[in-house]
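Data block below; observations after.
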Amino acid sequence: MKVFKVFSLLLITVGLLISFNSCGQSETGPIEIGVLLPLTGSQANFGEMEKNSFELAKEEINKAGGINGRKLEFVYEDDSGKPDVGRAGAEKLISINKVQLLAGGYSYSVTFAAAAVAQQNRIPFLVNTGSVDKITQPEDFNLTTEDGDKFYIYRLNPPVSEYASGLEGMLSEVIKPSTVYIIHENTTFGTKGAKAFTKTCDKLGLKVLGTDSYSSGTVDFKPLLLNAKKTNPDIVYMISYVMDAALLMKQSRDLKFYPKMFIGAGAGFTMPAFKENAGKASEKVVSATLWHQTLPIPGATKYFDDYVAKFGGDGPDYHGAEAYASAYVIKDVLERCNGKYDSETIKKSLDKTDIMTAFGPVKFQSYGKKIHQNKMNTYVVQWIDVNLKLIWPRDLANAEIHYPIDWAKVWAE
Amino acid sequence: MDIFLQSLVSGLLIGGLYAIIGIGMTLIMGVLKIINLAHGQILMVAMYITWVLWNFLGIDPYLSIFITIPLVFVFAEGLSKYLLHPLIEKDSILPENQVLMTVGIGMVLVELARSIFTSDYRSIQTSYTEKSLYIGKISLSFPLVIAFIIAIFLTIGLFYLLSKTDLGRSIRATSQDKFSATLMGISAGKITILTYGLGSALDAAAGSLLLPVYYLYPDVGPLFTVKAFVITILGGLGSTVGAIAGGLVLGIAETFGATYISSGYRDATGLVIFLIVLVFFPGGLKRFTKV
């Protein structure tokens, strides 16, 4: 009997604890928002940059009085760049931390896996980096574009198919190429990006001479580059992360591969680490980008300078800006919740978002197959004398396009 | 033809580096009878040592071999003596436990590296890292050529050690038959510990040689653990000559796969060869070498 008593007492205690927990977040403490980022693993470099940016924004917001008097708090969960870990992380944030809004989402595959969890639990998920198109396409969640009120995923960054939209103008007005060779990493991000750019080429009347992929972490890109060189393309378009990008450029220089222009699709090509690791081979390389600190967006330069002052290093690129902007969107959304911070109220508030952030204007729209998608411009930058300069659109540019390029001279020892 | 030659040369150069990574793993596999799943992570440690020496003291990455090798040797000795060896002595514990231990060591090393150096990508820029040599239309990356030459010297040195010295004979004896070796008066326990250090030291040399052509971050290791594993199986478990052949075959196969099939299938090409060898030549390439 005694055993039974002890056991039942235990059960009751556990039951009480669970019921206390399920009361959710307290009414006066900080408002907790779950953030899913790769803090370990091969993408940790970007994850750290985004975490720093979330923290920077949080401090500024709390210093300025928080959300209607309550403090904002981010609960980070490490997805280590793996979809299964990300899924578990999202589940933990929702069921144990009881967050009513998820943010973050770096890699496309992790983000998509986590989005499914958020959708299932009816917790809004504000994605700020995961770029594969299907994340904001309700049809991939067995919904239609009419189901906005049942669709809990929102995205602040443009999808991968629109990364290069800023390039179109520059290509048709300045470079006027007739042939292109596409090199991409063999991931969803790379493959989808290559497909989207092939479509762009068709539109511009460009002939795609070849498309080749590689797996990230390759030591020797020469076979790939030789195949590209053989076709003698006008431009080479590359979708690569930072270190692959650096090796691709270094080895192109080794092989004396001189197309009219090397164009990167954002991702790695705009990072300071690209310049450091590619060395001379980074010079005059052009890249599409979603953001640059010198853009005439209010707060962009300030964010960049504050980040460098606080965390040192070379400063953030567009990934950091996305995270920073996401934090401010969250602040704006929560402030419009009138003190009720449950998932449904937050979702309704997200629908009405229309603010300016350091990353650009944020407003969730429906177009094509997508809903809850922020539509924005992309830009073109070029590495000129070891600095990243904005060269397109022309009315915003802070440097002239360096073109045509005499690679033999630019890349001389 | 140019493309064919270029691929062959690139493959050989990379293969040379793969070979010394593979030899290190093979030595360990031969004597300890375990797969060292921390092999790539030890390579990473060596790369960080090389990077620190270059970044803070300005020591040339190739000269730093003389510091990296002893440091990693002592470090691996420690790992082997205090973490791996105690597991052999317990009869009740299966040899698999040592393999699990290497997995654990690997994880700890990665996270330690992350907490010390953060996840930032590092690389080395010297006056020669961006240089290339040209023979006709074929370009040879200068640092890879140096690495290849040093790799050859290291391999010759290792062969001298294994075939001509008492220590080498003891290592080979232990790897062939531990029990008989003990009867012949060889302290098998000491040799086992030492071999882990030796294998890791070769791995360390590979790390120093790789850094000028590649880059470094805490998670760089697993990539090379897999390569080392494939090479070891290709070469025939525990065969040093086999590992050299395995390294070169893997390097060339990957490069040709990348040239003539698709770069996206580079790793797949290596693994297909791996499967073919496993199915048709279960003993690995050592069948053809008889060493």
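Following the order of the structure tokens, chains are lettered A, B, ..., residues in each are numbered from 1, and ligands are numbered from 1.
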
Discussion item. For the strand (DSSP E or B) assignment from backbone DSSP, which residues of range 56-209 of chain A qualify? Please present them as an MDAnalysis selection string.
Written reply: chainID A and resid 67 70 72:78 102:104 125:127 153:155 179:185 207:209

Practice prompt. Return the neighbours of chain A among the residues of chain B, cut-off 7 Å, counting only C-alpha atoms, as a VMD selection string.
Written response: chain B and resid 3 7 119 to 121 123 132 139 214 219 255 258 to 259 262 to 264

Practice prompt. Could you find all residues in range 33-203 of chain A that DSSP calls helix (DSSP H, G or I) from the backbone, and write them as a PyMOL selection string?
Written response: chain A and resi 44-63+83-95+108-121+133-136+138-141+148-150+160-162+165-175+188-203

Practice prompt. Just the residues within 10 Å of range 140-152 of chain A, please, counting only C-alpha atoms, with nothing from its chain fewer than 5 positions along; format it as a list in words.
Written response: Leu101, Phe112, Ala115, Ala116, Ala118, Gln119, Gln120, Asn121, Arg122, Ile123, Pro124, Phe125, Leu126, Asp133, Lys134, Ile135, Ser343, Glu344, Lys347, Lys348, Leu350, Asp351, Ser366, Tyr367, Gly368, Lys369, Lys370, Ile371 and His372 of chain A

Take the residues from that selection and write them out as an mmCIF file, in the first residue's frame, keeping C-alpha atoms.
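And here is the file that came out, again_4.cif:
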data_model
loop_
_atom_site.group_PDB
_atom_site.id
_atom_site.type_symbol
_atom_site.label_atom_id
_atom_site.label_comp_id
_atom_site.auth_asym_id
_atom_site.auth_seq_id
_atom_site.Cartn_x
_atom_site.Cartn_y
_atom_site.Cartn_z
ATOM 1 C CA LEU A 101 5.711 32.795 -32.681
ATOM 2 C CA PHE A 112 10.759 23.708 -44.760
ATOM 3 C CA ALA A 115 7.508 25.116 -41.306
ATOM 4 C CA ALA A 116 5.568 21.854 -41.459
ATOM 5 C CA ALA A 118 4.618 25.226 -37.221
ATOM 6 C CA GLN A 119 1.764 24.725 -39.674
ATOM 7 C CA GLN A 120 0.639 21.560 -37.877
ATOM 8 C CA ASN A 121 0.662 23.278 -34.479
ATOM 9 C CA ARG A 122 -0.909 26.478 -35.834
ATOM 10 C CA ILE A 123 1.983 28.605 -34.631
ATOM 11 C CA PRO A 124 3.002 31.450 -36.955
ATOM 12 C CA PHE A 125 6.537 31.139 -38.348
ATOM 13 C CA LEU A 126 8.303 34.247 -39.622
ATOM 14 C CA ASP A 133 10.165 28.786 -53.180
ATOM 15 C CA LYS A 134 7.818 26.187 -51.720
ATOM 16 C CA ILE A 135 8.093 27.563 -48.173
ATOM 17 C CA SER A 343 -0.678 32.634 -31.835
ATOM 18 C CA GLU A 344 -3.963 33.656 -33.481
ATOM 19 C CA LYS A 347 -1.035 35.819 -36.958
ATOM 20 C CA LYS A 348 -3.721 38.450 -37.553
ATOM 21 C CA LEU A 350 1.349 39.643 -39.065
ATOM 22 C CA ASP A 351 -1.190 39.864 -41.894
ATOM 23 C CA SER A 366 0.043 37.178 -52.313
ATOM 24 C CA TYR A 367 1.206 36.697 -55.876
ATOM 25 C CA GLY A 368 1.492 33.723 -58.197
ATOM 26 C CA LYS A 369 1.492 30.558 -56.133
ATOM 27 C CA LYS A 370 2.764 32.335 -53.042
ATOM 28 C CA ILE A 371 1.042 33.959 -50.128
ATOM 29 C CA HIS A 372 2.450 35.729 -47.070
#

Discussion item. Can you pull out the residues contacting range 296-313 of chain A? Cut-off 7 Å, using only C-alpha atoms, and skip same-chain residues under 6 positions away; I want them as an MDAnalysis selection string.
Written reply: chainID A and resid 358:360

Next, the residues of the selection above should be written as a compact mmCIF listing (two decimals), in the first residue's frame with N, CA and C atoms.
# COMPACT_ATOMS: atom_id res chain seq x y z
N ALA A 358 15.53 47.89 -41.60
CA ALA A 358 16.88 48.12 -42.11
C ALA A 358 17.17 47.24 -43.31
N PHE A 359 16.31 46.27 -43.57
CA PHE A 359 16.48 45.36 -44.70
C PHE A 359 15.64 45.83 -45.89
N GLY A 360 14.74 46.78 -45.64
CA GLY A 360 13.84 47.25 -46.68
C GLY A 360 12.42 47.16 -46.19

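Counting only C-alpha atoms and comparing B:Ile28, B:Ser10, B:Phe179, B:Asp2, the residue that lies closest to Ala253 in chain B is B:Ser10.
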
Item to complete: Rank A:Gln365, A:Ser349, A:Asn387, A:Asn374 by their smallest atom-to-atom distance to Val285 in chain A, using only C-alpha atoms, and report the top residue only.
Response: A:Asn387

Discussion item. Neighbouring residues of Gly246 in chain B were defined as those with any atom within 6 Å, considering only C-alpha atoms; residues of the same chain fewer than 5 positions away were excluded. Please report them as a VMD selection string.
Written reply: chain B and resid 231 234 to 235

Worksheet item: Hey, what's within 12 Å of Leu167 in chain B if we count only C-alpha atoms and toss same-chain stuff fewer than 2 positions away? As number ranges by chain, please?
Response: B: 158-165, 169-174, 186-188, 190-192, 194-195, 198

Worksheet entry | Shell around Gly11 in chain B at 8 Å using only C-alpha atoms, local window under 3 positions removed, as a PyMOL selection string | chain B and resi 7-8+14-15+248+251-256

Discussion item. Calculated over only C-alpha atoms, which of the candidates A:Ser240, A:Asn52, A:Ser178, A:Asn232 has the smallest distance to Thr191 in chain A?
Written reply: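 Result for the nearest residue to Thr191 in chain A: A:Ser240.
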